[in-house]
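Visitor: First, the structure itself, so that you have it in front of you.
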Amino acid sequence: MANVPFVVILNCELLYFVSVSFSFKDIKFQQSIWIFILSGFLLYGNTLGHDFALDDAIVIQDNQFTKKGFAGIWDQLSNDQFVGFYGQKKELVSGGRYRPLSMVLFNIEYALVGSSPWFYHLLNVLFYILSGILLYKALSMLFKDRYSTQWISLPLLAALLWFYHPIHTEVVANIKGRDEIIAFVFELLTLILLLQYLDKKNQRSLLLIPLVFFLALLSKENAITWLAIFPIAVYIFRKDQLKQSFLPMALFFSSSVIWFAIRYQVVGGGISNVADNLMNDPFLESSTSQKYATIVYTLGKYLQLLVFPHPLTYDYYPKHIPITNWQDPLVLLSLIAYLGMIFLTGWGILKRKLYGFCIAIFLITLSIASNLIFPIGAFMNERFIYVSSLGFAILLAYFLLIYWPEKRGGWRKQQTLIKGLLAVVVILYSVKTISRNMVWKDNLTLALNDANISINGAKSNVMAGGLLSEEAAKENNLAKKQQMLLEAQSYLQRAITVYPDYIDALILMGNLQWELKKDIAYALPYYMRILNLNNQHQRTWQNIFVVMEAHKNVDERIAAYMKLLSYNYRQAEIYLYIGRAYGREKGDLNSSIQMMERGLELDPQNFDILSNLGTAYGLQKDYPKAIDVLLRAIEIKPNVAKIYIDLGLSYYFSGDSESAKNAFDKAKQIDPTINREQYPA
């Protein structure tokens, strides 16, 4: 927060200099570019030193297609967005995700600078600045000289209010938000081209319209909502040119058809409910009535964040947003507000009023992320109103610049008060934006901050607990390490309390309990809760085997393994571990062999059981059985030197010196470091 006052002062000095040097109304477009450039870096320049955060791992750090650089571009164009991260197509969200343009940009950046995050952050800031400039240009063309004062034009004020709004911090500070930014850039370019064609009959603009809108669609699917916004804009502000707009509108539609056909080939079509847990379907535990009441509540929450953008968080997942019902006064208030907005939109469009256009932008662009059309896998997110906030910014600018002065005796009488209000808004927006950016420094900073905002948000609390556990593992100071683990435990316990079946939280808590107590009695219950939900959860089984084998009390370990047999999965491996415990630590070869033979019946091709059983038979001097299972093991993995050593010993002690010699020679061939002379034959 140390640099916040400094940057705010710079913002105020910038605006003051511009306002006293010349009227905002007289600013030329070229001069306005510098306002957005300076404002952009003053607001978001502190993100340039940030690390990757949150979903950046999915699109950049751990995305195998991105890490191919230029060679991975076709992979991005021909696959669902998640394939490069998961290695295969997964039905994680309804309808899939096809946003290849931002992914291709990441490929190019990775080819140029690798995994250095500053360059990705720089481009996010530059694209955001470009969007502010284009917004001012588009609004200036759309409104012409219809709304202005002696001090500032409505397009410039609206663009600046949108540009400064803190609700955009998630999109700009999180590199993954690039898809929202560039989609909006191409949407604005398309609007500019449309207006150029209508006003100047620019044929080149007509040719570019389908291409630029197609790029918007490739950036993010929500660009499709502009198919409704474009004709509304023309009807309200260019009604006399409505007929001339039919051709570009047809081109918009054609681009959409082509885009949809490509998208269908890549990710499929239709809307499906693919979620199987609360974190992917926040309405999983709610009734239909509760679901829609909660959706209406979140829609009201968006309005609150536009008017009062505090507190901000990335975690609007269960159960930060409470499941509610229609008796909730906030739900009813939100419903009334939206019904009124819908009425005003229709009336405003019919009467060709500015407010009709503004509310239409808000409602139409938000609709696709509202959960009303199809499930989006979350209650809400701040990035979902990145474009929608434009409607609010224009309305706010109109209210302060035109409506209020007209009702209060004119601009001259109110200009001091209005300028003062705008200064307060800019200062508050700047403070909130810059301070919120700092939270996005890295995953740990983000998680610790937002987990204490979203107290009931399972997602941020799990992230905070998991990352604190990782940091504790690196800590050499034992007292500090213990303190970090206990803090991590509090976050994970909070997540489990919120969502008792949250597998990520349970597995992290099991790991943490092992780190704290080094006792399976504390760790195993959390793992077993996961197995009760999904007895084939591979990561859980891997962790179980790691902590069980590290547990020193062999009798407790054997007893725990016997309990795990009830889950009827991976039993062969469990019998192997029990058998090894009996043989290696208790010296009970009979019990060891008995257990491993049971495991072999379940999985006759298990190499580990075959090799360990061969050793046990050899120690028991049952050489024919040892030779049999070791030969079977060699068929599965023919290049393991130790197996040939054990086989050679079994041959030798059974009297077959020639076969023993061949086995020892084979072991030496596989591993030349073996001292052949220490073995017989």
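Quick note on naming: the chains in the structure tokens go A, B, ... in the order shown, residues restart at 1 in each chain, and ligands are numbered from 1 in order of appearance.
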Could you give me, as a PDB file with C-alpha atoms, in the first residue's frame, the residues within 10 Å of Lys668 (chain A), counting only C-alpha atoms and dropping anything in the same chain fewer than 6 positions from it?
Guide:
ATOM      1  CA  ALA A 641      18.959 -55.810 -13.007  1.00  0.00           C
ATOM      2  CA  LYS A 642      17.896 -56.789  -9.484  1.00  0.00           C
ATOM      3  CA  TYR A 644      18.121 -61.130 -12.678  1.00  0.00           C
ATOM      4  CA  ILE A 645      20.272 -61.161  -9.535  1.00  0.00           C
ATOM      5  CA  ASN A 662      23.309 -66.390 -17.618  1.00  0.00           C
ATOM      6  CA  ILE A 674      27.151 -54.434 -10.523  1.00  0.00           C
ATOM      7  CA  ASN A 675      30.113 -56.322  -9.045  1.00  0.00           C
ATOM      8  CA  ARG A 676      29.732 -59.637 -10.819  1.00  0.00           C
TER       9      ARG A 676
END
Visitor: Set the distance at 10 Å and use only C-alpha atoms: which residues neighbour region 216-227 of chain A once local chain neighbours fewer than 3 positions away are removed? I'd like the list as a VMD selection string.
Guide: chain A and resid 77 97 to 104 178 to 191 210 to 213 230 to 232 249 252 to 253 255 to 256 259 to 260 262 to 263 361 363 to 369 384 387
Visitor: Give me the residues within 12 Å of Asp62 (chain A) as an MDAnalysis selection string, counting only C-alpha atoms and dropping any in the same chain fewer than 3 places off.
Guide: chainID A and resid 52:59 65:68 82:87 110 115
Visitor: Would you pick out the contacts of Lys480 (chain A) at 12 Å or less, using only C-alpha atoms, so that residues sharing its chain but fewer than 6 positions from it are not included, and give the list as a list in words?
Guide: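 Within the cut-off, the hits are Leu468, Ser469, Glu471, Ala472, Ala473, Lys474, Leu486 and Glu487 of chain A.
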Visitor: Any chance you could export the current selection's N, CA and C atoms as a JSON list (two decimals), in the first residue's frame?
Guide:
[["chain", "number", "residue", "atom", "x", "y", "z"],
["A", 468, "LEU", "N", 0.11, -22.16, 2.16],
["A", 468, "LEU", "CA", 0.83, -22.00, 3.42],
["A", 468, "LEU", "C", 1.56, -23.29, 3.80],
["A", 469, "SER", "N", 0.93, -24.43, 3.53],
["A", 469, "SER", "CA", 1.58, -25.71, 3.79],
["A", 469, "SER", "C", 2.84, -25.87, 2.95],
["A", 471, "GLU", "N", 4.69, -23.42, 1.77],
["A", 471, "GLU", "CA", 5.70, -22.50, 2.30],
["A", 471, "GLU", "C", 6.31, -23.05, 3.58],
["A", 472, "ALA", "N", 5.50, -23.70, 4.40],
["A", 472, "ALA", "CA", 6.00, -24.28, 5.64],
["A", 472, "ALA", "C", 7.03, -25.38, 5.37],
["A", 473, "ALA", "N", 6.81, -26.12, 4.29],
["A", 473, "ALA", "CA", 7.75, -27.20, 3.94],
["A", 473, "ALA", "C", 9.14, -26.66, 3.61],
["A", 474, "LYS", "N", 9.20, -25.40, 3.17],
["A", 474, "LYS", "CA", 10.49, -24.79, 2.82],
["A", 474, "LYS", "C", 11.17, -24.12, 4.02],
["A", 486, "LEU", "N", -0.02, -24.53, 11.54],
["A", 486, "LEU", "CA", -1.24, -24.33, 12.32],
["A", 486, "LEU", "C", -2.16, -23.30, 11.66],
["A", 487, "GLU", "N", -1.56, -22.27, 11.07],
["A", 487, "GLU", "CA", -2.37, -21.29, 10.35],
["A", 487, "GLU", "C", -3.01, -21.93, 9.12]]
Visitor: Looking at only C-alpha atoms, which of A:Ile35, A:Met279, A:Leu161, A:Val113 is the one that sits closest to Gly391 (chain A)?
Guide: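 Closest residue, counting only C-alpha atoms: A:Leu161.
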Visitor: Quick one: DSSP alpha helix (DSSP H) residues in region 319-454 of chain A, as number ranges by chain?
Guide: A: 329-350, 354-367, 389-398, 404-407, 411-439, 443-451
Visitor: Using only C-alpha atoms, which of the listed residues (A:Glu601, A:Glu109, A:Asp519, A:Glu285) sits closest to Leu122 (chain A)?
Guide: A:Glu109
